[in-house]
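Undergrad: Below is model-v4.cif; it holds mmCIF, C-alpha atoms.
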data_input
#
loop_
_atom_site.label_atom_id
_atom_site.label_comp_id
_atom_site.auth_asym_id
_atom_site.auth_seq_id
_atom_site.Cartn_x
_atom_site.Cartn_y
_atom_site.Cartn_z
CA MET I 194 -5.53 31.62 -19.30
CA ILE I 195 -5.98 29.64 -16.07
CA ARG I 196 -7.63 31.62 -13.32
CA ARG I 197 -9.20 29.25 -10.80
CA HIS I 198 -7.58 27.79 -7.69
CA PRO I 199 -5.55 25.66 -7.20
CA LEU I 200 -3.40 26.86 -10.04
CA ALA I 201 -0.80 24.09 -9.97
CA GLU I 202 -3.39 21.33 -10.32
CA GLN I 203 -5.04 23.17 -13.21
CA ALA I 204 -1.69 23.80 -14.84
CA ALA I 205 -0.89 20.09 -14.56
CA GLU I 206 -4.22 19.17 -16.14
CA GLU I 207 -3.68 21.65 -18.98
CA LEU I 208 -0.21 20.25 -19.65
CA LEU I 209 -1.64 16.73 -19.55
CA ARG I 210 -4.37 17.75 -22.02
CA ARG I 211 -1.83 19.20 -24.43
CA ILE I 212 0.37 16.12 -24.16
CA GLY I 213 -2.63 13.87 -24.76
CA SER I 214 -3.63 15.90 -27.83
CA GLY I 215 -0.26 15.18 -29.40
CA GLU I 216 1.20 18.66 -29.07
CA TRP I 217 4.33 17.07 -27.59
CA ALA I 218 5.30 13.56 -28.69
CA LEU I 219 6.71 10.86 -26.47
CA GLY I 220 10.32 11.80 -25.76
CA ALA I 221 9.81 15.44 -26.68
CA LYS I 222 11.27 18.23 -24.59
CA LEU I 223 8.81 20.74 -23.15
CA PRO I 224 9.35 24.48 -23.57
CA GLY I 225 11.09 26.22 -20.69
CA GLU I 226 9.37 27.37 -17.51
CA THR I 227 9.21 30.98 -18.66
CA THR I 228 7.49 30.07 -21.94
CA LEU I 229 5.00 27.71 -20.29
CA ALA I 230 4.24 30.22 -17.53
CA ALA I 231 3.43 32.87 -20.13
CA GLN I 232 1.28 30.46 -22.16
CA LEU I 233 -0.76 29.37 -19.14
CA GLY I 234 -0.84 32.74 -17.41
CA VAL I 235 0.72 31.50 -14.17
CA GLY I 236 4.00 31.94 -12.34
CA ARG I 237 7.11 29.86 -12.87
CA SER I 238 6.74 28.32 -9.40
CA THR I 239 3.29 27.06 -10.42
CA ILE I 240 4.80 25.45 -13.53
CA ARG I 241 7.48 23.77 -11.41
CA GLU I 242 4.83 22.36 -9.08
CA ALA I 243 2.73 21.15 -12.03
CA VAL I 244 5.78 19.45 -13.54
CA ARG I 245 6.54 17.74 -10.21
CA GLU I 246 2.98 16.44 -10.06
CA LEU I 247 3.14 15.04 -13.59
CA ALA I 248 6.57 13.56 -12.91
CA GLY I 249 5.02 11.73 -9.94
CA ARG I 250 2.30 10.46 -12.26
CA ARG I 251 4.96 9.24 -14.72
CA VAL I 252 4.04 11.61 -17.54
CA LEU I 253 7.05 13.94 -17.37
CA GLU I 254 10.67 13.47 -16.35
CA SER I 255 13.00 16.27 -15.25
CA ARG I 256 16.59 15.69 -16.34
CA GLN I 257 19.10 17.89 -14.61
CA GLY I 258 20.75 20.27 -17.04
CA ALA I 259 18.68 19.01 -19.97
CA GLY I 260 15.06 20.01 -19.29
CA VAL I 261 11.69 18.33 -18.92
CA PHE I 262 10.73 15.47 -21.23
CA VAL I 263 7.51 13.59 -22.01
CA ILE I 264 7.72 9.95 -20.93
CA GLY I 265 4.01 9.03 -21.05
CA HIS I 266 0.81 10.18 -22.67
CA GLN I 267 -1.52 9.13 -19.86
CA ALA I 268 -1.16 9.71 -16.12
CA ALA I 269 -0.58 6.61 -14.05
CA GLU I 270 -3.58 5.88 -11.87
CA ASP I 271 -3.27 6.96 -8.27
CA TRP I 272 -2.33 4.02 -6.03
CA ASP I 273 -5.03 4.85 -3.48
CA GLN I 274 -7.64 4.75 -6.23
CA VAL I 275 -6.40 1.36 -7.37
CA LEU I 276 -6.70 -0.05 -3.87
CA ARG I 277 -10.13 1.44 -3.25
CA ARG I 278 -11.41 -0.23 -6.42
CA ALA I 279 -9.69 -3.57 -5.81
CA ASP I 280 -11.87 -6.50 -4.81
CA ILE I 281 -11.23 -8.71 -1.80
CA THR I 282 -9.35 -11.37 -3.78
CA ASP I 283 -6.98 -8.82 -5.32
CA VAL I 284 -6.22 -7.35 -1.89
CA LEU I 285 -5.52 -10.75 -0.36
CA GLU I 286 -3.27 -11.76 -3.26
CA GLY I 287 -1.34 -8.52 -2.76
CA ARG I 288 -0.98 -9.31 0.92
CA ILE I 289 0.32 -12.79 0.11
CA ALA I 290 3.07 -11.30 -2.05
CA ILE I 291 4.11 -8.67 0.50
CA GLU I 292 3.78 -10.60 3.74
CA THR I 293 5.24 -13.89 2.53
CA GLU I 294 8.49 -12.15 1.60
CA ALA I 295 8.34 -10.12 4.80
CA ALA I 296 8.07 -13.33 6.82
CA ARG I 297 11.07 -14.77 5.02
CA LEU I 298 13.19 -11.70 5.73
CA ALA I 299 11.91 -11.40 9.29
CA ALA I 300 13.26 -14.86 10.08
CA GLU I 301 16.71 -13.67 9.01
CA ARG I 302 16.63 -10.19 10.58
CA ARG I 303 14.31 -10.22 13.59
CA THR I 304 15.59 -8.63 16.79
CA PRO I 305 14.68 -9.21 20.46
CA ALA I 306 12.44 -6.13 20.20
CA ASP I 307 10.61 -7.72 17.26
CA LEU I 308 10.01 -10.91 19.24
CA LYS I 309 8.63 -8.87 22.13
CA SER I 310 6.29 -7.14 19.70
CA PHE I 311 5.09 -10.55 18.48
CA ARG I 312 4.28 -11.61 22.05
CA TYR I 313 2.30 -8.45 22.78
CA THR I 314 0.39 -8.41 19.51
CA LEU I 315 -0.44 -12.11 19.68
CA LYS I 316 -1.86 -11.65 23.20
CA ASP I 317 -3.88 -8.62 22.13
CA ARG I 318 -5.17 -10.51 19.11
CA LEU I 319 -6.23 -13.48 21.24
CA ASP I 320 -8.01 -11.23 23.71
CA ALA I 321 -9.76 -9.33 20.94
CA SER I 322 -10.86 -12.52 19.19
CA VAL I 323 -13.09 -13.60 22.08
CA LYS I 324 -14.65 -10.45 23.46
CA SER I 325 -14.20 -7.42 21.22
CA PRO I 326 -16.26 -5.77 18.48
CA ASP I 327 -15.18 -6.46 14.92
CA ASP I 328 -13.29 -3.19 14.51
CA TRP I 329 -11.21 -3.82 17.65
CA TYR I 330 -10.42 -7.34 16.49
CA VAL I 331 -9.36 -6.08 13.07
CA GLU I 332 -6.97 -3.55 14.61
CA ALA I 333 -5.44 -6.25 16.83
CA ASP I 334 -4.98 -8.55 13.84
CA LEU I 335 -3.43 -5.77 11.77
CA ALA I 336 -1.04 -4.96 14.62
CA PHE I 337 0.40 -8.49 14.45
CA HIS I 338 0.80 -8.38 10.68
CA ARG I 339 2.40 -4.96 10.89
CA ALA I 340 4.82 -6.33 13.50
CA LEU I 341 5.69 -9.15 11.09
CA VAL I 342 6.41 -6.74 8.23
CA THR I 343 8.35 -4.43 10.56
CA ALA I 344 10.55 -7.37 11.60
CA ALA I 345 11.66 -7.72 7.97
CA HIS I 346 13.47 -4.37 8.33
CA ASN I 347 12.74 -3.48 4.72
CA THR I 348 11.40 0.03 4.21
CA VAL I 349 9.80 -0.73 0.84
CA LEU I 350 7.80 -3.68 2.18
CA ALA I 351 6.76 -1.58 5.19
CA GLU I 352 5.59 1.26 2.95
CA LEU I 353 3.66 -1.15 0.72
CA PHE I 354 1.97 -2.75 3.71
CA ASP I 355 1.03 0.62 5.20
CA ALA I 356 -0.45 1.67 1.85
CA PHE I 357 -2.58 -1.48 1.91
CA VAL I 358 -3.79 -1.02 5.51
CA PRO I 359 -6.94 1.07 4.87
CA ARG I 360 -8.11 -1.35 2.18
CA ILE I 361 -7.13 -4.38 4.29
CA ARG I 362 -9.16 -2.97 7.19
CA THR I 363 -12.23 -2.54 4.98
CA THR I 364 -11.75 -5.99 3.48
CA MET I 365 -11.49 -7.67 6.88
CA LEU I 366 -14.60 -5.94 8.18
CA ASP I 367 -16.48 -7.05 5.06
CA MET I 368 -15.26 -10.62 5.56
CA LEU I 369 -16.30 -10.67 9.21
CA ARG I 370 -19.78 -9.43 8.36
CA LEU I 371 -20.12 -12.38 5.98
CA ASP I 372 -18.66 -14.86 8.49
CA ASP I 373 -21.48 -16.01 10.77
CA GLN I 374 -19.27 -18.63 12.41
CA HIS I 375 -16.43 -16.16 13.13
CA ARG I 376 -13.95 -18.59 11.58
CA HIS I 377 -11.42 -15.82 10.98
CA ARG I 378 -11.32 -15.08 14.70
CA HIS I 379 -10.27 -18.66 15.45
CA ASP I 380 -7.03 -18.83 13.47
CA GLN I 381 -4.78 -17.77 16.34
CA ALA I 382 -2.72 -20.94 15.98
CA ALA I 383 -1.72 -19.95 12.44
CA HIS I 384 -0.42 -16.61 13.70
CA VAL I 385 1.48 -18.23 16.55
CA ALA I 386 3.02 -20.70 14.08
CA ILE I 387 4.28 -17.85 11.91
CA ALA I 388 5.80 -16.08 14.91
CA ASP I 389 7.44 -19.32 16.08
CA ALA I 390 9.08 -19.90 12.69
CA VAL I 391 10.41 -16.33 12.67
CA ARG I 392 11.70 -16.75 16.22
CA ASP I 393 13.46 -19.97 15.20
CA ARG I 394 15.13 -18.16 12.27
CA ASP I 395 13.64 -20.47 9.63
CA PRO I 396 13.02 -18.32 6.54
CA GLU I 397 11.44 -21.00 4.37
CA LEU I 398 9.08 -22.22 7.09
CA SER I 399 8.14 -18.65 8.00
CA ALA I 400 7.28 -17.83 4.41
CA ALA I 401 5.40 -21.12 3.93
CA ARG I 402 3.29 -20.62 7.06
CA CYS I 403 2.48 -17.05 6.15
CA ARG I 404 1.50 -18.03 2.62
CA GLU I 405 -0.56 -20.96 3.91
CA HIS I 406 -2.45 -18.72 6.35
CA LEU I 407 -3.26 -15.96 3.84
CA THR I 408 -4.10 -18.47 1.10
CA ALA I 409 -6.58 -20.12 3.45
CA VAL I 410 -8.16 -16.74 4.12
CA ARG I 411 -8.32 -16.07 0.39
CA SER I 412 -9.93 -19.48 -0.27
CA SER I 413 -12.60 -18.79 2.35
CA VAL I 414 -13.92 -15.78 0.47
CA ILE I 415 -13.82 -17.10 -3.11
#
Translate the structure described by the file into structure tokens.

TA:
Amino acid sequence: MIRRHPLAEQAAEELLRRIGSGEWALGAKLPGETTLAAQLGVGRSTIREAVRELAGRRVLESRQGAGVFVIGHQAAEDWDQVLRRADITDVLEGRIAIETEAARLAAERRTPADLKSFRYTLKDRLDASVKSPDDWYVEADLAFHRALVTAAHNTVLAELFDAFVPRIRTTMLDMLRLDDQHRHRHDQAAHVAIADAVRDRDPELSAARCREHLTAVRSSVI
């Protein structure tokens, strides 16, 4: 019987253990809430919460009117854990994928408000590049890249970028500490070029300039 708090997390781990032991095969239907609650010594609401957690980790799947089924034997690794463990090259390659497509879409969908955001963030980035501590500069740089992704008006790309932000911030600070010549502070022209291509509604040029900029950053740390 599970006694310690939090119950739902422990219930999820117990279900995961039993699935991993082979008690329920891939594709098998789990017993009902009432049965599982009695087996684990918890309430039905705790079982529902545990099932939701394992569904989010791609172990279980709830099918309306049919029940709960096993779709995996191992929990998918938490996205935040993946990013925390990723090295600088992996993070930059992820950024290339996300931001290059964002730049392409931004050139097709940008609004006057997006262009205004580019102007403000480019100015802030330039100011920060010459007289600010590293952490201020990093925030100014991230603000421009966030404005670029926002201008794509794609919620999935925006969510992906936001998920990357903490790891990007750490990566940039690490890069700046290794960069005695502050080369990464002097690439303002590359950012302006990206914004200009988006303003001119040139999707291919926008994507190419974004990829070129981030690839150059990647090459500098390999």

Undergrad: With distances taken over only C-alpha atoms, which of I:Leu285, I:Ala205, I:Ala295, I:Ile361 is nearest to Val349 of chain I?

TA: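 Under the stated criterion, the closest residue is I:Ala295.
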
Undergrad: Counting only C-alpha atoms, what is within 12 Å of Glu352 of chain I, bar same-chain residues fewer than 3 positions away, as a PyMOL selection string?

TA: chain I and resi 291+295+339+342-343+345-349+355-358

Undergrad: Using all atoms listed in the file, find the one residue out of I:Glu405, I:Glu294, I:Glu207, I:Asp307 that sits nearest to Ala383 of chain I.

TA: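 Result for the nearest residue to Ala383 of chain I: I:Glu405.
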
Undergrad: Could you list the residues chosen by the PyMOL selection byres ((chain I and resi 203) around 12) in this structure as a list in words?

TA: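 Residues picked by the PyMOL selection byres ((chain I and resi 203) around 12): Met194, Ile195, Arg196, Arg197, His198, Pro199, Leu200, Ala201, Glu202, Ala204, Ala205, Glu206, Glu207, Leu208, Leu209, Arg210, Leu233, Gly234, Val235, Thr239, Ile240, Glu242, Ala243, Val244, Glu246 and Leu247 of chain I.
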
Undergrad: Quote the spacing between atom CA of Thr228 of chain I and atom CA of Ile264 of chain I in Å to one decimal place.

TA: 20.1 Å

Undergrad: Report as a VMD selection string all protein, DNA and RNA residues lying within 10 Å of Ala388 of chain I, evaluated on all atoms listed in the file, omitting residues in the same chain fewer than 3 positions from it.

TA: chain I and resid 296 299 to 300 307 to 308 311 to 312 315 337 340 to 341 382 to 385 391 to 394 399 402 to 403

Undergrad: Give me, please, the distance in Å between atom CA of Arg362 of chain I and atom CA of Val331 of chain I, quoted to one decimal.

TA: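 That distance, rounded to one decimal, is 6.7 Å.
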
Undergrad: Take atom CA of Ala218 of chain I and atom CA of Gln257 of chain I and report the distance between them in Å, one decimal.

TA: 20.2 Å

Undergrad: Expand the PyMOL selection byres ((chain I and resi 287-289) around 8) into the individual residues it matches in the shown file, reporting them as a list in words.

TA: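 Applied to this file, the PyMOL selection byres ((chain I and resi 287-289) around 8) selects Asp283, Val284, Leu285, Glu286, Ala290, Ile291, Glu292, Thr293, Phe354, Cys403, Arg404, Leu407 and Thr408 of chain I.
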
Undergrad: Emit the selected residues as a PDB file, keeping the file's coordinate frame, including C-alpha atoms.

TA:
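File again.pdb, as written:
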ATOM      1  CA  ASP I 283      -6.980  -8.820  -5.320  1.00  0.00           C
ATOM      2  CA  VAL I 284      -6.220  -7.350  -1.890  1.00  0.00           C
ATOM      3  CA  LEU I 285      -5.520 -10.750  -0.360  1.00  0.00           C
ATOM      4  CA  GLU I 286      -3.270 -11.760  -3.260  1.00  0.00           C
ATOM      5  CA  ALA I 290       3.070 -11.300  -2.050  1.00  0.00           C
ATOM      6  CA  ILE I 291       4.110  -8.670   0.500  1.00  0.00           C
ATOM      7  CA  GLU I 292       3.780 -10.600   3.740  1.00  0.00           C
ATOM      8  CA  THR I 293       5.240 -13.890   2.530  1.00  0.00           C
ATOM      9  CA  PHE I 354       1.970  -2.750   3.710  1.00  0.00           C
ATOM     10  CA  CYS I 403       2.480 -17.050   6.150  1.00  0.00           C
ATOM     11  CA  ARG I 404       1.500 -18.030   2.620  1.00  0.00           C
ATOM     12  CA  LEU I 407      -3.260 -15.960   3.840  1.00  0.00           C
ATOM     13  CA  THR I 408      -4.100 -18.470   1.100  1.00  0.00           C
TER      14      THR I 408
END

Undergrad: Between I:Leu335, I:Ile281, I:Ala344, I:His406, which residue has the minimum interatomic distance to Pro305 of chain I, considering only C-alpha atoms?

TA: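 Checking each of I:Leu335, I:Ile281, I:Ala344, I:His406 against Pro305 of chain I, counting only C-alpha atoms, the winner is I:Ala344.
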
Undergrad: Using only C-alpha atoms, determine which residues lie at most 9 Å from Phe262 of chain I, disregarding the query and same-chain residues fewer than 4 positions distant; provide the list as a list in words.

TA: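 Everything that qualifies: Leu219, Gly220, Ala221, Lys222, Leu223, Val252, Leu253, Glu254, Ser255 and Arg256 of chain I.
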